[in-house]
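> I have a structure here, written as C-alpha cells, and I will follow up with some questions on it.
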Amino acid sequence: MTDALTASGFEVGILVLILTAAITAVEFLAYLLLVRWLKSRHALALMLLLPGILAVTFFVVFPIGWDVVLSFTNMNLYHIDDYTFVGLRNYHNVFTGPILHKYGFWEIFLRTIEWTAINVSISVTVGLGLALLLNRKLRLGPLYRALLIVPWALPQVIAVLAIRGADFDEEFGLVNIVLGYFHIGPFPWRTDGSWLFASAIITNIWLGIPFMMFILLGALQSISDEYYEAADIDGASWWQAFRRVTLPMIQPVMTPAIVLSVIWTFNNVNVIYLMSNSRIPEEAHILVTAIYSAGFQFYRYGFGAAFAAVTFLILFFFSAFYIRVNRASQALYE
Amino acid sequence: MGRRWRAMAGAALFGLVALVIGACGGGGGSSAGTADPTADIQIYSQKDPGLEDLLKQQITEFEALHKTITVKIVHYETEQLRTNFQTAAIAHTGPELVYGPNDNIGPWVTLKILQPIDKVLGADFLKEFSNNAVGAVSYKGHVYAVPDINGNHLMLLYNKKLVTGSAPTTTDQLISMATALTDKSKNQYGIAFNENEAYWLMPWLGGFGGAVFDANTKPTLNTQAMIDALTFERSLKTQGVAPATADYAKADSLFTAGQAAFLINGDWSLSGYKKALGDNLGIAPLPMVTKTGKWAAPYTASRGYSINAAATGDALRAAEMFLQFISQTNENLKVAALGNIPANAAAANDPSVKNDPILGASAAALVHGVPQPIVPEMRAVYDAIATPLADVMNGKTTPAAAAAVMESDAISRIAQLQQ
C-alpha cells in the first residue's frame with residue numbers, strides 16, 4: 001500500500017515536472033518571440049495568458065474540432081483507420097433514422113427535455129423549500145444541514161448503486177415495499193425501460209437537491225434583515241415578502257445555479273448508465289446516453305460524432321441565451 | 001524592464017537544466033547491462049477478486065525476477081473494460097495487455113487493436129495450451145490471446161445444505177426440486193440466475209435445439225427453439241421458483257446467503273462460492289431439456305491476455321516476458337487451484353487438477369457447451385436479445401413476439417454496424 005502510494009506520488013511528481021518544463025519552454029519561446037523579436041507592448045499579458053490558451057486549445061477546441069471532422073466521415077467498426085468523408089450523411093441519419101433502434105432524434109430529444117425539466121424543477125423547488133427552512137433559527141439546525149448534504153457528499157457511483165439495489169429492487173426494494181402498504185405496485189423499476197427512466201429521475205432528484213439547497217441557503221443568508229424589517233413595517237405578508245424581497249434578492253445566485261443544473265442534468269450519463277447496469281433500454285435513453293451507446297457500444301464513431309455535434313449545438317445556444325439573460329439581469333442590479 | 005526579463009529567462013533556463021538533471025537522476029536506478037528491458041507495463045483486467053489477488057502475487061514474483069519491469073493492474077467491470085480499452089487502443093495508447101473473455105476478440109481484431117500472439121510469441125509457444133483453449137481465441141487464422149482459463153461456462157451450482165440428494169439431470173427434475181425448496185415466507189427460492197442477460201438464456205436456446213447464427217452468420221433468433229427457451233426461462237419465474245427479478249448481484253447474494261438452493265453461474269465464480277459455502281457447494285452440468293432430450297448448452301470460451309496493437313519496443317518485450325511467465329505450468333496451476341480449468345495443457349493433465357472434485361465437476365459441465373461465436377455481429381445479437389428478453393420476463397410480451405423482434409432487431413443492428 002505504502003509502495004503504491006509512493007509510486008503514484010512519484011508519477012504525479014514526474015508529471016508536474018514535465019508540465020512545468022513544457023510551460024517553461026513555451027514561455028521561453030514566447031519571450032523570445034514577443035519581447036526580443038516583436039518587442040510587443042502586450043508581451044507580459046500574452047505570456048501570462050499563454051498556458052490557459054494552450055490548455056483550452058488542447059482540451060476544448062481540438063476535441064470539438066476533431067469531433068466535427070469525424071462527423072463527416074464513415075468511421076465505424078469496419079473503417080477505423082480507412083474512413084472516408086461522407087458529407088452530411090451522418091447528420092441526415094441523425095434527424096431521419098433511428099438513433100439506436102426504435103427511437104429517432106426528436107423522441108430522444110423530447111425525453112431529454114422531460115428528464116431535464118422534471119429533475120431541475122423539482123430539485124430547485126424542494127431545494128429552495130429546504131433552504132428556507134434551514135435559514136430559520138432551528139434547534140439542531142447544523143445537524144439537519146449535515147444530514148441533508150449526505151446525498152451530495154457520497155460518491156455518485158456508490159450512491160446510485162446503493163439506491164439501485166436497496167430501493168428499486170422489485171421484490172426487496174424499499175420503494176415497492178412502501179407502495180405495497182398502500183396496495184400500489186409492485187413496479188418493474190429495474191427491468192422495464194420506462195420504469196427504469198422514472199427510477200433514474202427519482203435518484204437524480206435525490207442527488208440534486210443538496211446542491212440547490214446549499215447554493216440557495218448561501219444566497220438567503222446574504223440578504224440583510226433590514227429588507228424584511230422594512231417589509232414588515234409596510235405590512236407585507238410572508239408570501240409578499242418572499243415574492244418581493246427573497247426571490248429578487250436570490251435571483252442572481254439562483255439563475256446561474258439553475259442554468260448549471262440544466263447543463264449538468266442534460267449531460268448526465270452516470271445516473272441512467274448505472275441504474276441500468278450499463279445496458280440502457282431504449283425507453284430510458286437521453287441524448288448523451290444515446291451518443292455513448294451509438295459511439296462506444298455500437299462502434300458508430302462517425303454517426304456518434306455527428307450526434308454529439310448536434311447535442312453540443314443545442315447546449316451552446318442554450319448557454320449563449322443564458323449568458324444574454326444573465327447579463328440583462330446583472331444590468332438590472334448595477 | 002530589460003533586467004527583469006533577463007532574470008525571468010534565466011530562471012526558466014535554470015528550471016529546464018534542473019529538470020534534465022533530475023530526470024537523469026531518476027533513471028539512475030535502471031539496471032543497464034542486464035538483458036531485461038526497462039519498462040512499466042499495464043494490464044486492464046476484469047478478474048474476480050480471488051483471481052485478481054492471485055495475479056497480484058504473480059506480478060510480485062515476476063517483478064522480483066525482472067527488477068527493471070513493473071506491472072500494474074487497472075481493474076474494470078467487463079463492459080467498462082471493453083469500452084475503455086478500445087477507446088484507448090484506437091488512439092494508439094492504453095495498456096500493453098488486456099485480460100478478459102474471448103468474445104471481444106472479433107470486434108477488436110476488426111478494429112485492428114490487437115497483435116496476433118502467434119506472430120509475437122511464435123507458434124511453438126502456443127503448443128503449450130489445450131487445443132480448444134487456443135481455438136476459442138483464434139480469429140481469421142491468427143491467435144489473439146494467451147489463454148489462462150478454459151471454460152467461462154455456466155453450470156448449475158447448488159447448496160448441499162438445502163439440496164440433500166443428487167443434482168437434477170433434467171429440467172423437469174430441476175423444476176420439481178426447486179418448487180419443493182421454495183419457501184416464500186423465508187424469502188427462500190428454489191433457483192436464482194441473472195434474468196437480464198442473454199448469456200444466461202443461451203444454454204436453454206441450445207438445449208431446445210437452437211443457435212443464434214446460421215452457417216453464414218445470419219441471425220436465427222425467430223425460431224421455435226428461441227420461443228421454447230424464453231417460455232422455459234419465464235416459467236421459472238411464473239411458477240414462483242425463481243425471484244420476480246434478479247440480476248447477477250442479486251442472484252449471487254441470494255445463493256451466498258443460503259436463500260437460493262440452485263444458482264446458475266459460471267466457472268469464474270467458483271472460488272468465491274468455495275470460500276463462502278465450503279463443502280456445501282455442489283456443482284453439476286445444467287440439466288437436459290426434458291422436451292428435446294438435449295443437454296442445456298452453455299457457451300464456452302476461454303479467458304486470457306491480449307496484446308494491444310499499440311505496444312512496441314521495451315514495453316512489448318516486457319509484456320511478452322510477462323505472458324511467458326504467467327503461462328508456465330506451475331503458474332497456471334495456481335489459477336486452477338481457484339476452481340478454473342487451466343488452459344495450459346500440462347496443467348490440465350496434472351493430477352491435482354484431474355483429481356480435484358470441483359474442477360472435475362466443472363469439466364463435466366463444460367462437455368455439453370458450445371463455443372461462443374466471437375464475430376463482431378455477436379454484439380448486435382446480444383443487444384437485440386436484451387430488451388425483448390426483459391419484456392418476456394416482465395410479462396409485457398409473449399415469447400413468440402419477442403423472438404420475432406429479436407431477429408428483426410439483430411438484422412438491422414448488424415446493418416447499422418456497417419454505417
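Identifiers for the C-alpha cells are assigned positionally: chains receive A, B, ... in sequence, residues are indexed from 1 per chain, and ligands are indexed from 1 in the order shown.
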Determine, counting only C-alpha atoms, which protein, DNA and RNA residues have an atom within 12 Å of an atom of segment 80-91 of chain B; residues of the same chain fewer than 6 positions away are not included. Present the result as a PyMOL selection string.
(chain A and resi 75-77+79-81+273-274+277-279+292-299+301) or (chain B and resi 42-47+73-74+97-105+107-115+306-311+379)
> For the selection just defined, write its residues with N, CA and C atoms to a file, as a compact mmCIF listing (two decimals), in the first residue's frame.

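Result file result-v6.txt:
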```
# COMPACT_ATOMS: atom_id res chain seq x y z
N MET A 75 -16.40 6.67 -40.17
CA MET A 75 -15.59 5.90 -39.22
C MET A 75 -16.50 5.00 -38.39
N ASN A 76 -16.25 3.70 -38.45
CA ASN A 76 -17.01 2.73 -37.66
C ASN A 76 -16.17 1.48 -37.46
N LEU A 77 -16.80 0.43 -36.98
CA LEU A 77 -16.07 -0.80 -36.67
C LEU A 77 -15.23 -1.28 -37.85
N HIS A 79 -14.31 0.55 -40.52
CA HIS A 79 -13.49 1.60 -41.16
C HIS A 79 -12.85 2.45 -40.06
N ILE A 80 -11.98 1.82 -39.31
CA ILE A 80 -11.44 2.56 -38.17
C ILE A 80 -10.26 3.43 -38.60
N ASP A 81 -9.47 2.97 -39.55
CA ASP A 81 -8.35 3.80 -39.99
C ASP A 81 -8.38 4.05 -41.50
N TYR A 273 -26.92 5.34 -16.75
CA TYR A 273 -26.00 4.24 -17.06
C TYR A 273 -25.88 3.29 -15.87
N LEU A 274 -25.71 3.85 -14.69
CA LEU A 274 -25.52 3.00 -13.51
C LEU A 274 -26.83 2.33 -13.09
N ASN A 277 -27.34 -0.66 -15.10
CA ASN A 277 -26.24 -1.62 -15.08
C ASN A 277 -25.57 -1.70 -16.45
N SER A 278 -25.41 -0.57 -17.06
CA SER A 278 -24.72 -0.37 -18.34
C SER A 278 -25.48 -0.87 -19.57
N ARG A 279 -26.62 -1.53 -19.37
CA ARG A 279 -27.43 -1.93 -20.53
C ARG A 279 -28.69 -1.08 -20.53
N TYR A 292 -23.39 7.87 -26.28
CA TYR A 292 -22.44 6.89 -25.72
C TYR A 292 -22.69 5.51 -26.34
N SER A 293 -23.96 5.11 -26.40
CA SER A 293 -24.27 3.79 -26.94
C SER A 293 -23.91 3.70 -28.42
N ALA A 294 -24.31 4.72 -29.19
CA ALA A 294 -24.04 4.68 -30.64
C ALA A 294 -22.54 4.63 -30.90
N GLY A 295 -21.80 5.44 -30.17
CA GLY A 295 -20.37 5.53 -30.42
C GLY A 295 -19.57 4.38 -29.83
N PHE A 296 -19.81 4.11 -28.56
CA PHE A 296 -18.90 3.19 -27.87
C PHE A 296 -19.44 1.77 -27.74
N GLN A 297 -20.75 1.58 -27.83
CA GLN A 297 -21.27 0.22 -27.75
C GLN A 297 -21.50 -0.36 -29.14
N PHE A 298 -21.84 0.53 -30.10
CA PHE A 298 -22.10 0.03 -31.45
C PHE A 298 -21.03 0.47 -32.46
N TYR A 299 -19.97 1.08 -31.98
CA TYR A 299 -18.80 1.42 -32.80
C TYR A 299 -19.15 2.36 -33.96
N TYR A 301 -18.67 5.53 -34.85
CA TYR A 301 -17.96 6.73 -34.41
C TYR A 301 -18.36 7.97 -35.22
N GLN B 42 1.14 -2.13 -18.21
CA GLN B 42 -0.18 -2.07 -17.55
C GLN B 42 -1.08 -3.18 -18.10
N ILE B 43 -1.92 -3.71 -17.21
CA ILE B 43 -2.91 -4.70 -17.64
C ILE B 43 -4.29 -4.18 -17.26
N TYR B 44 -5.21 -4.12 -18.20
CA TYR B 44 -6.61 -3.91 -17.86
C TYR B 44 -7.19 -5.29 -17.58
N SER B 45 -7.82 -5.42 -16.41
CA SER B 45 -8.31 -6.75 -16.03
C SER B 45 -9.73 -6.67 -15.50
N GLN B 46 -10.52 -7.73 -15.75
CA GLN B 46 -11.87 -7.77 -15.18
C GLN B 46 -12.01 -9.01 -14.30
N LYS B 47 -10.85 -9.49 -13.78
CA LYS B 47 -10.87 -10.72 -12.98
C LYS B 47 -11.68 -10.53 -11.70
N ILE B 73 -1.94 -3.38 -12.49
CA ILE B 73 -3.28 -3.82 -12.88
C ILE B 73 -4.22 -2.64 -12.76
N VAL B 74 -5.06 -2.45 -13.76
CA VAL B 74 -6.17 -1.49 -13.64
C VAL B 74 -7.44 -2.33 -13.78
N LEU B 97 -1.39 -4.87 -22.08
CA LEU B 97 -2.14 -6.13 -22.05
C LEU B 97 -3.57 -5.88 -21.59
N VAL B 98 -4.48 -6.69 -22.09
CA VAL B 98 -5.87 -6.61 -21.64
C VAL B 98 -6.35 -8.04 -21.40
N TYR B 99 -6.98 -8.22 -20.23
CA TYR B 99 -7.41 -9.57 -19.85
C TYR B 99 -8.93 -9.64 -19.84
N GLY B 100 -9.46 -10.67 -20.46
CA GLY B 100 -10.91 -10.83 -20.41
C GLY B 100 -11.37 -12.03 -21.19
N PRO B 101 -12.69 -12.22 -21.29
CA PRO B 101 -13.22 -13.32 -22.08
C PRO B 101 -13.00 -13.08 -23.57
N ASN B 102 -13.12 -14.16 -24.35
CA ASN B 102 -12.71 -14.07 -25.75
C ASN B 102 -13.73 -13.37 -26.64
N ASP B 103 -14.92 -13.01 -26.13
CA ASP B 103 -15.94 -12.50 -27.04
C ASP B 103 -15.65 -11.11 -27.59
N ASN B 104 -14.63 -10.43 -27.05
CA ASN B 104 -14.27 -9.13 -27.61
C ASN B 104 -13.30 -9.26 -28.78
N ILE B 105 -12.78 -10.46 -28.97
CA ILE B 105 -11.70 -10.61 -29.96
C ILE B 105 -12.16 -10.24 -31.37
N PRO B 107 -14.59 -8.09 -32.54
CA PRO B 107 -14.59 -6.64 -32.79
C PRO B 107 -13.20 -6.02 -32.70
N TRP B 108 -12.40 -6.47 -31.74
CA TRP B 108 -11.09 -5.83 -31.56
C TRP B 108 -10.14 -6.14 -32.71
N VAL B 109 -10.24 -7.33 -33.27
CA VAL B 109 -9.42 -7.64 -34.44
C VAL B 109 -9.89 -6.78 -35.61
N THR B 110 -11.20 -6.65 -35.74
CA THR B 110 -11.75 -5.81 -36.82
C THR B 110 -11.29 -4.36 -36.65
N LEU B 111 -11.21 -3.92 -35.40
CA LEU B 111 -10.73 -2.55 -35.13
C LEU B 111 -9.21 -2.43 -35.24
N LYS B 112 -8.54 -3.55 -35.46
CA LYS B 112 -7.07 -3.61 -35.62
C LYS B 112 -6.35 -3.11 -34.37
N ILE B 113 -6.84 -3.51 -33.22
CA ILE B 113 -6.20 -3.02 -31.98
C ILE B 113 -5.53 -4.15 -31.20
N LEU B 114 -5.43 -5.35 -31.80
CA LEU B 114 -4.72 -6.45 -31.13
C LEU B 114 -3.58 -6.94 -32.02
N GLN B 115 -2.54 -7.46 -31.35
CA GLN B 115 -1.45 -8.09 -32.10
C GLN B 115 -1.63 -9.60 -32.07
N SER B 306 -4.58 -10.41 -24.03
CA SER B 306 -4.32 -9.99 -25.40
C SER B 306 -3.34 -8.83 -25.39
N ILE B 307 -2.62 -8.68 -26.50
CA ILE B 307 -1.61 -7.60 -26.58
C ILE B 307 -2.15 -6.46 -27.42
N ASN B 308 -2.08 -5.28 -26.85
CA ASN B 308 -2.50 -4.06 -27.54
C ASN B 308 -1.63 -3.83 -28.78
N ALA B 309 -2.26 -3.50 -29.89
CA ALA B 309 -1.50 -3.23 -31.12
C ALA B 309 -0.56 -2.05 -30.94
N ALA B 310 -0.86 -1.20 -29.95
CA ALA B 310 -0.02 -0.01 -29.74
C ALA B 310 1.25 -0.32 -28.95
N ALA B 311 1.35 -1.54 -28.39
CA ALA B 311 2.53 -1.87 -27.57
C ALA B 311 3.73 -2.11 -28.48
N ARG B 379 -22.25 -9.02 -30.92
CA ARG B 379 -22.64 -7.90 -30.05
C ARG B 379 -24.05 -7.42 -30.42
```
> Using only C-alpha atoms, find each residue in chain A having at least one atom no more than 9 Å away from chain B; report its shortest atom-to-atom pair and that distance in Å (one decimal), rows by chain then rising number, as JSON lines.

```
{"residue": "A:Ile14", "atom": "CA", "partner": "B:Ala23", "partner_atom": "CA", "distance": 8.4}
{"residue": "A:Leu17", "atom": "CA", "partner": "B:Leu19", "partner_atom": "CA", "distance": 6.9}
{"residue": "A:Ile18", "atom": "CA", "partner": "B:Leu19", "partner_atom": "CA", "distance": 8.0}
{"residue": "A:Thr20", "atom": "CA", "partner": "B:Gly15", "partner_atom": "CA", "distance": 8.3}
{"residue": "A:Ala21", "atom": "CA", "partner": "B:Leu16", "partner_atom": "CA", "distance": 5.8}
{"residue": "A:Ala22", "atom": "CA", "partner": "B:Leu16", "partner_atom": "CA", "distance": 8.8}
{"residue": "A:Thr24", "atom": "CA", "partner": "B:Ala12", "partner_atom": "CA", "distance": 5.5}
{"residue": "A:Ala25", "atom": "CA", "partner": "B:Ala12", "partner_atom": "CA", "distance": 7.3}
{"residue": "A:Glu27", "atom": "CA", "partner": "B:Ala12", "partner_atom": "CA", "distance": 8.1}
{"residue": "A:Phe28", "atom": "CA", "partner": "B:Ala9", "partner_atom": "CA", "distance": 6.4}
{"residue": "A:Tyr31", "atom": "CA", "partner": "B:Ala9", "partner_atom": "CA", "distance": 7.7}
{"residue": "A:Val35", "atom": "CA", "partner": "B:Trp5", "partner_atom": "CA", "distance": 8.5}
{"residue": "A:Asn74", "atom": "CA", "partner": "B:Gln419", "partner_atom": "CA", "distance": 6.7}
{"residue": "A:Met75", "atom": "CA", "partner": "B:Gln419", "partner_atom": "CA", "distance": 8.4}
{"residue": "A:Asn76", "atom": "CA", "partner": "B:Gln418", "partner_atom": "CA", "distance": 7.0}
{"residue": "A:Leu77", "atom": "CA", "partner": "B:Leu111", "partner_atom": "CA", "distance": 5.8}
{"residue": "A:Tyr78", "atom": "CA", "partner": "B:Thr110", "partner_atom": "CA", "distance": 6.3}
{"residue": "A:His79", "atom": "CA", "partner": "B:Leu111", "partner_atom": "CA", "distance": 7.8}
{"residue": "A:Ile80", "atom": "CA", "partner": "B:Leu111", "partner_atom": "CA", "distance": 6.0}
{"residue": "A:Asp81", "atom": "CA", "partner": "B:Leu111", "partner_atom": "CA", "distance": 8.3}
{"residue": "A:Asn90", "atom": "CA", "partner": "B:Gln419", "partner_atom": "CA", "distance": 8.8}
{"residue": "A:Leu100", "atom": "CA", "partner": "B:Arg413", "partner_atom": "CA", "distance": 8.2}
{"residue": "A:His101", "atom": "CA", "partner": "B:Arg413", "partner_atom": "CA", "distance": 7.3}
{"residue": "A:Gly165", "atom": "CA", "partner": "B:Lys250", "partner_atom": "CA", "distance": 8.1}
{"residue": "A:Asp169", "atom": "CA", "partner": "B:Thr245", "partner_atom": "CA", "distance": 7.6}
{"residue": "A:Glu170", "atom": "CA", "partner": "B:Thr245", "partner_atom": "CA", "distance": 6.3}
{"residue": "A:Glu171", "atom": "CA", "partner": "B:Ala244", "partner_atom": "CA", "distance": 6.8}
{"residue": "A:Pro188", "atom": "CA", "partner": "B:Asn394", "partner_atom": "CA", "distance": 7.5}
{"residue": "A:Arg190", "atom": "CA", "partner": "B:Thr245", "partner_atom": "CA", "distance": 8.2}
{"residue": "A:Thr191", "atom": "CA", "partner": "B:Ala390", "partner_atom": "CA", "distance": 5.9}
{"residue": "A:Asp192", "atom": "CA", "partner": "B:Asp391", "partner_atom": "CA", "distance": 7.1}
{"residue": "A:Gly193", "atom": "CA", "partner": "B:Thr387", "partner_atom": "CA", "distance": 8.4}
{"residue": "A:Ser278", "atom": "CA", "partner": "B:Glu79", "partner_atom": "CA", "distance": 7.4}
{"residue": "A:Arg279", "atom": "CA", "partner": "B:Ala386", "partner_atom": "CA", "distance": 8.1}
{"residue": "A:Pro281", "atom": "CA", "partner": "B:Thr387", "partner_atom": "CA", "distance": 6.4}
{"residue": "A:Glu282", "atom": "CA", "partner": "B:Thr387", "partner_atom": "CA", "distance": 8.3}
{"residue": "A:Phe296", "atom": "CA", "partner": "B:Thr83", "partner_atom": "CA", "distance": 6.1}
{"residue": "A:Gln297", "atom": "CA", "partner": "B:Thr83", "partner_atom": "CA", "distance": 7.3}
{"residue": "A:Phe298", "atom": "CA", "partner": "B:Leu417", "partner_atom": "CA", "distance": 6.4}
{"residue": "A:Tyr299", "atom": "CA", "partner": "B:Leu417", "partner_atom": "CA", "distance": 6.8}
{"residue": "A:Arg300", "atom": "CA", "partner": "B:Leu417", "partner_atom": "CA", "distance": 6.6}
{"residue": "A:Gly302", "atom": "CA", "partner": "B:Gln419", "partner_atom": "CA", "distance": 8.6}
{"residue": "A:Phe303", "atom": "CA", "partner": "B:Gln419", "partner_atom": "CA", "distance": 7.9}
```
> Now that the selection is made, can you save its residues with C-alpha atoms as an mmCIF file, in the first residue's frame?

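Final file, part.cif:
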```
data_model
loop_
_atom_site.group_PDB
_atom_site.id
_atom_site.type_symbol
_atom_site.label_atom_id
_atom_site.label_comp_id
_atom_site.auth_asym_id
_atom_site.auth_seq_id
_atom_site.Cartn_x
_atom_site.Cartn_y
_atom_site.Cartn_z
ATOM 1 C CA ILE A 14 7.222 13.443 -12.702
ATOM 2 C CA LEU A 17 7.895 18.331 -13.551
ATOM 3 C CA ILE A 18 7.172 17.575 -17.218
ATOM 4 C CA THR A 20 6.491 22.696 -15.558
ATOM 5 C CA ALA A 21 9.260 22.074 -18.079
ATOM 6 C CA ALA A 22 6.849 22.287 -21.001
ATOM 7 C CA THR A 24 8.785 26.971 -19.038
ATOM 8 C CA ALA A 25 9.928 26.074 -22.550
ATOM 9 C CA GLU A 27 7.125 30.716 -22.062
ATOM 10 C CA PHE A 28 10.774 30.994 -23.028
ATOM 11 C CA TYR A 31 9.611 35.546 -24.515
ATOM 12 C CA VAL A 35 9.926 40.513 -26.304
ATOM 13 C CA ASN A 74 -17.908 6.889 -42.079
ATOM 14 C CA MET A 75 -15.590 5.900 -39.220
ATOM 15 C CA ASN A 76 -17.014 2.730 -37.657
ATOM 16 C CA LEU A 77 -16.070 -0.801 -36.670
ATOM 17 C CA TYR A 78 -15.113 -1.714 -40.216
ATOM 18 C CA HIS A 79 -13.494 1.603 -41.156
ATOM 19 C CA ILE A 80 -11.440 2.560 -38.175
ATOM 20 C CA ASP A 81 -8.353 3.801 -39.989
ATOM 21 C CA ASN A 90 -24.404 11.239 -40.666
ATOM 22 C CA LEU A 100 -30.221 3.260 -31.826
ATOM 23 C CA HIS A 101 -33.022 1.084 -32.985
ATOM 24 C CA GLY A 165 -30.085 -2.385 -5.149
ATOM 25 C CA ASP A 169 -35.423 -3.895 -6.426
ATOM 26 C CA GLU A 170 -38.789 -5.224 -7.484
ATOM 27 C CA GLU A 171 -39.179 -7.554 -4.509
ATOM 28 C CA PRO A 188 -40.694 -3.192 -12.517
ATOM 29 C CA ARG A 190 -35.171 -2.312 -12.998
ATOM 30 C CA THR A 191 -36.417 -4.344 -15.934
ATOM 31 C CA ASP A 192 -38.876 -2.089 -17.767
ATOM 32 C CA GLY A 193 -37.326 0.813 -19.686
ATOM 33 C CA SER A 278 -24.719 -0.370 -18.341
ATOM 34 C CA ARG A 279 -27.430 -1.929 -20.530
ATOM 35 C CA PRO A 281 -33.095 0.116 -22.539
ATOM 36 C CA GLU A 282 -34.148 2.382 -25.408
ATOM 37 C CA PHE A 296 -18.905 3.189 -27.869
ATOM 38 C CA GLN A 297 -21.265 0.223 -27.746
ATOM 39 C CA PHE A 298 -22.096 0.031 -31.455
ATOM 40 C CA TYR A 299 -18.796 1.420 -32.803
ATOM 41 C CA ARG A 300 -20.573 4.055 -34.948
ATOM 42 C CA GLY A 302 -18.837 8.982 -37.375
ATOM 43 C CA PHE A 303 -22.544 8.881 -36.610
#
```
> Please provide as JSON, numbers by chain all residues within 8 Å of segment 104-117 of chain A, with the sequence filter that same-chain residues fewer than 3 positions apart are discarded (counting only C-alpha atoms).
{"A": [94, 95, 96, 97, 98, 99, 100, 120, 121, 201, 262, 265, 266, 285, 286, 287]}
> Write to file, as a PDB file, in the first residue's frame, the residues of the selection just made, with C-alpha atoms.

```
ATOM      1  CA  VAL A  94     -29.327  11.713 -37.048  1.00  0.00           C
ATOM      2  CA  PHE A  95     -32.520  13.537 -37.981  1.00  0.00           C
ATOM      3  CA  THR A  96     -34.203  10.951 -40.170  1.00  0.00           C
ATOM      4  CA  GLY A  97     -33.273   7.469 -38.946  1.00  0.00           C
ATOM      5  CA  PRO A  98     -33.440   5.757 -35.584  1.00  0.00           C
ATOM      6  CA  ILE A  99     -30.619   6.740 -33.259  1.00  0.00           C
ATOM      7  CA  LEU A 100     -30.221   3.260 -31.826  1.00  0.00           C
ATOM      8  CA  VAL A 120     -34.289  20.673 -12.320  1.00  0.00           C
ATOM      9  CA  SER A 121     -37.740  21.981 -11.413  1.00  0.00           C
ATOM     10  CA  ILE A 201     -35.292  10.628 -12.348  1.00  0.00           C
ATOM     11  CA  VAL A 262     -29.764  22.287 -16.575  1.00  0.00           C
ATOM     12  CA  THR A 265     -28.607  17.251 -15.956  1.00  0.00           C
ATOM     13  CA  PHE A 266     -28.865  17.423 -19.738  1.00  0.00           C
ATOM     14  CA  HIS A 285     -32.123   6.850 -23.225  1.00  0.00           C
ATOM     15  CA  ILE A 286     -31.481  10.590 -23.218  1.00  0.00           C
ATOM     16  CA  LEU A 287     -29.308  12.292 -25.839  1.00  0.00           C
TER      17      LEU A 287
END
```
> Rank B:Leu156, B:Ala336, B:Leu126, B:Val146 by their smallest atom-to-atom distance to Ile264 of chain B, using only C-alpha atoms, and report the top residue only.
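The answer is B:Leu156, which sits nearest to Ile264 of chain B.
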> Excluding Lys354 of chain B and its own-chain neighbours fewer than 5 positions away, which residues fall within 12 Å of it when counting only C-alpha atoms? Please give them as number ranges by chain.
B: 333, 336-337, 339-342, 345-349, 359-364
> Would you output that residue set with C-alpha atoms, as a CSV table (one decimal), in the first residue's frame?

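Full text of out_21.csv as output:
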```csv
chain,number,residue,atom,x,y,z
B,333,LEU,CA,-1.9,-24.5,-11.7
B,336,ALA,CA,-6.6,-23.9,-11.4
B,337,ALA,CA,-6.4,-24.1,-7.6
B,339,GLY,CA,-11.6,-23.6,-9.4
B,340,ASN,CA,-10.7,-22.9,-13.0
B,341,ILE,CA,-10.0,-25.3,-15.8
B,342,PRO,CA,-6.4,-24.4,-16.8
B,345,ALA,CA,-2.1,-28.5,-21.5
B,346,ALA,CA,0.4,-29.8,-18.9
B,347,ALA,CA,-1.5,-28.1,-16.1
B,348,ALA,CA,-4.8,-29.6,-17.3
B,349,ASN,CA,-3.3,-33.0,-17.1
B,359,LEU,CA,-12.6,-28.9,-11.4
B,360,GLY,CA,-13.9,-32.4,-12.3
B,361,ALA,CA,-17.5,-31.2,-12.0
B,362,SER,CA,-16.7,-28.0,-13.9
B,363,ALA,CA,-15.1,-30.0,-16.7
B,364,ALA,CA,-18.1,-32.3,-16.8
```
> Taking the DSSP assignment computed from this structure's backbone, write out as a PyMOL selection string all residues of segment 77-314 of chain B that belong to strand (DSSP E or B).
chain B and resi 97-101+114-115+129+138-139+142-143+146-151+154-159+170+183+188-192+213+219+260-266+281-284+288-289+294-295+299-308
> Rounded to one decimal in Å, what is the spacing between atom CA of Asp67 of chain A and atom CA of Asn93 of chain A?
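Distance reported for this atom pair: 16.4 Å.
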> Need to verify the contact set: Val405 of chain B, 9 Å, only C-alpha atoms, exclusion of same-chain residues closer than 6 positions in sequence. Can you return it as a ChimeraX atom specification?
/B:221-222,384-385,388
> Contacts of segment 162-172 of chain B at 12 Å or less, counting only C-alpha atoms, minus same-chain residues fewer than 3 places along, as an MDAnalysis selection string?
chainID B and resid 155:159 175:183 188:191 203:204 207:208 229 232:233 235:236 255 257:263 277 280:296 361 365
> Measure the distance from atom CA of Ser194 of chain A to atom CA of Thr398 of chain B in Å and round it to one decimal.
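Answer for the atom CA of Ser194 of chain A to atom CA of Thr398 of chain B separation: 18.6 Å.
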> Could you please determine the separation between atom CA of Asp118 of chain B and atom CA of Tyr305 of chain B in Å, to one decimal place?
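Pair atom CA of Asp118 of chain B / atom CA of Tyr305 of chain B returns 13.1 Å.
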> I want to know what sits within 10 Å of Gly208 of chain A, based on only C-alpha atoms, with residues of the same chain fewer than 4 positions away left out; could you give that as a list in words?
Asn119, Val120, Ile122, Ser123, Val124, Val126, Gly127, Pro151, Trp152, Ile202, Thr203, Asn204, Met212, Met213, Ser261 and Thr265 of chain A
> Run DSSP on the backbone and grab whatever in segment 9-187 of chain A lands in alpha helix (DSSP H); send it over as a VMD selection string.
chain A and resid 9 to 31 43 to 56 62 to 71 89 to 96 105 to 134 141 to 148 150 to 153 156 to 166 174 to 181
